[in-house]
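First comes the structure, then the notes that go with it.
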Amino acid sequence: MIKKVCITTLEFPPDVGGVGESVHRIAHFLLELGYEVHVAVFYSKHRTAAEGLRRRAGCQTTQKDGIYVHRIQSAIRSPDPKMQDCLGDIYFQLKLLHQQYSFDLLHGFFLNETGYLTTLVAKEHHLPVINSVRGSDMHKHIFSPALHAQMVWVLENSSWVTFVSPDLQDRADLFIPGIQAKSSVFWNSIQP
């Protein structure tokens, strides 16, 4: 039986960004190893209701080069959207994807937003979850009182954690002593 992996991210090509490029590279690597690969792209940024535009939450699925790409969008209900509403919509859409595809593993890229929702769905469905610390989550966002507890919860509840540098792993160890026992470091790289 082919194992199904769902990677969650805020970027995936054609979106521009280093995280998206990394997810693209890893998704193709997993596909070559024989996994069925799904990428759920969260559009969790606040969207405004310009000129009375309203939209239901939803998910558009395409398949490109053997990879299922699910672009999840939160609803636009009012001119002043609330972040918790956006995250709630994305959470529900991710749960629906799992119900439809029965993933064997979830992998979140970035601790807040993506990692939080991914870990929540994984824990509710008793699935293993990997979270990838990409940089600014542990260098910048860890200093946000609003995000700190959420990020520590994600680290504590991950089955495995990857870091793009030893410095990030060392910082995580300050909050979760012994995290090295369930983590590894992969140097971040780019293709010029």
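Residue numbering restarts at 1 for every chain of the structure tokens, chains are lettered A, B, ... in their displayed order, and ligands are numbered from 1 as they appear.
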Q | Residues near A:Ser132, cut-off 7 Å, only C-alpha atoms, skip fewer than 5 positions along chain, as number ranges by chain | A | A: 108-110, 161-163
Can you write out the residues you just picked, keeping N, CA and C atoms, as a short mmCIF file (atom, residue, chain, number, x, y, z; two decimals), in the first residue's frame?
data_model
loop_
_atom_site.label_atom_id
_atom_site.label_comp_id
_atom_site.auth_asym_id
_atom_site.auth_seq_id
_atom_site.Cartn_x
_atom_site.Cartn_y
_atom_site.Cartn_z
N GLY A 108 4.33 19.84 8.65
CA GLY A 108 4.13 21.28 8.61
C GLY A 108 5.43 22.04 8.44
N PHE A 109 5.42 23.01 7.54
CA PHE A 109 6.58 23.88 7.33
C PHE A 109 6.29 25.23 7.96
N PHE A 110 7.00 25.52 9.05
CA PHE A 110 6.90 26.77 9.82
C PHE A 110 6.03 26.49 11.03
N VAL A 161 11.02 16.82 14.57
CA VAL A 161 11.21 18.21 14.20
C VAL A 161 12.49 18.31 13.37
N THR A 162 12.42 19.07 12.28
CA THR A 162 13.63 19.34 11.51
C THR A 162 13.97 20.82 11.63
N PHE A 163 15.25 21.10 11.58
CA PHE A 163 15.76 22.46 11.68
C PHE A 163 16.70 22.71 10.51
#
Q. Atom CA of A:Met1 to atom CA of A:His98: how many Å, to one decimal?
A. 17.0 Å
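Going from atom CA of A:Trp187 over to atom CA of A:Val164, you cover 4.8 Å.
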(Q) Considering only helix (DSSP H, G or I) as DSSP defines it on the backbone, what residues of chain A qualify? List them as a PyMOL selection string. (A) chain A and resi 18-32+50-52+83-101+111-124+136-139+141-143+145-157+166-175+179-182
Just-selected residues, C-alpha atoms written as a short mmCIF file (atom, residue, chain, number, x, y, z; two decimals), in the first residue's frame:
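Writing done, so here's again-v6.cif:
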data_model
loop_
_atom_site.label_atom_id
_atom_site.label_comp_id
_atom_site.auth_asym_id
_atom_site.auth_seq_id
_atom_site.Cartn_x
_atom_site.Cartn_y
_atom_site.Cartn_z
CA GLY A 18 12.39 29.98 -0.21
CA VAL A 19 10.04 27.86 1.89
CA GLY A 20 7.96 27.07 -1.19
CA GLU A 21 11.07 26.03 -3.12
CA SER A 22 12.13 23.78 -0.25
CA VAL A 23 8.69 22.17 -0.06
CA HIS A 24 8.75 21.65 -3.84
CA ARG A 25 12.14 19.93 -3.65
CA ILE A 26 11.11 17.68 -0.72
CA ALA A 27 7.75 16.83 -2.33
CA HIS A 28 9.53 15.60 -5.47
CA PHE A 29 12.04 13.66 -3.37
CA LEU A 30 9.19 11.89 -1.52
CA LEU A 31 7.41 11.19 -4.81
CA GLU A 32 10.58 9.56 -6.17
CA ALA A 50 -13.22 44.74 -1.46
CA GLU A 51 -16.32 46.23 -3.07
CA GLY A 52 -18.67 43.88 -1.26
CA MET A 83 -7.40 35.85 12.11
CA GLN A 84 -9.09 33.21 14.28
CA ASP A 85 -11.85 32.90 11.68
CA CYS A 86 -9.27 32.45 8.91
CA LEU A 87 -7.40 29.80 10.87
CA GLY A 88 -10.65 28.05 11.78
CA ASP A 89 -11.60 27.83 8.09
CA ILE A 90 -8.18 26.45 7.12
CA TYR A 91 -8.26 23.93 9.98
CA PHE A 92 -11.65 22.65 8.82
CA GLN A 93 -10.48 22.38 5.18
CA LEU A 94 -7.37 20.42 6.26
CA LYS A 95 -9.59 18.04 8.26
CA LEU A 96 -11.76 17.54 5.16
CA LEU A 97 -8.66 16.75 3.08
CA HIS A 98 -7.62 14.12 5.62
CA GLN A 99 -11.13 12.62 5.60
CA GLN A 100 -11.01 12.43 1.81
CA TYR A 101 -7.45 11.10 1.36
CA LEU A 111 5.77 26.53 13.45
CA ASN A 112 3.06 29.14 13.75
CA GLU A 113 -0.08 28.98 11.64
CA THR A 114 0.98 26.02 9.49
CA GLY A 115 2.65 23.92 12.18
CA TYR A 116 -0.05 24.66 14.73
CA LEU A 117 -2.98 23.66 12.52
CA THR A 118 -1.11 20.66 11.12
CA THR A 119 -0.19 19.37 14.58
CA LEU A 120 -3.73 19.89 15.85
CA VAL A 121 -5.23 17.83 13.00
CA ALA A 122 -2.52 15.15 13.35
CA LYS A 123 -3.04 14.78 17.10
CA GLU A 124 -6.83 14.58 16.70
CA SER A 136 12.26 33.32 11.46
CA ASP A 137 9.82 31.20 13.45
CA MET A 138 12.54 30.49 16.06
CA HIS A 139 14.58 33.66 15.49
CA HIS A 141 8.41 34.94 16.19
CA ILE A 142 9.49 33.19 19.39
CA PHE A 143 9.65 36.68 20.95
CA PRO A 145 3.96 36.74 23.50
CA ALA A 146 0.95 35.86 21.35
CA LEU A 147 2.83 33.11 19.46
CA HIS A 148 5.28 31.78 22.06
CA ALA A 149 3.01 29.27 23.82
CA GLN A 150 1.61 28.00 20.52
CA MET A 151 5.10 27.40 19.11
CA VAL A 152 6.25 25.57 22.24
CA TRP A 153 3.11 23.39 22.09
CA VAL A 154 3.90 22.51 18.45
CA LEU A 155 7.46 21.53 19.36
CA GLU A 156 6.29 19.44 22.32
CA ASN A 157 3.63 17.63 20.29
CA PRO A 166 22.12 23.79 14.54
CA ASP A 167 21.53 27.24 16.08
CA LEU A 168 17.78 26.84 15.64
CA GLN A 169 17.89 23.38 17.19
CA ASP A 170 19.86 24.78 20.16
CA ARG A 171 17.32 27.56 20.65
CA ALA A 172 14.44 25.07 20.57
CA ASP A 173 16.27 23.02 23.21
CA LEU A 174 15.97 26.00 25.57
CA PHE A 175 12.19 25.66 25.44
CA ILE A 179 14.45 17.99 21.72
CA GLN A 180 17.56 16.60 19.98
CA ALA A 181 16.19 13.11 20.71
CA LYS A 182 13.33 13.75 18.29
#
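For the atom pair formed by atom CA of A:Asn131 and atom CA of A:Phe12, the distance is 16.5 Å, given to one decimal.
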Q: Find the residues near stretch 63-77 of chain A: any atom within 6 Å, counting only C-alpha atoms, skip ones fewer than 2 places away on the same chain, and give them as a PyMOL selection string.
A: chain A and resi 37-43+54-61+86+89-90
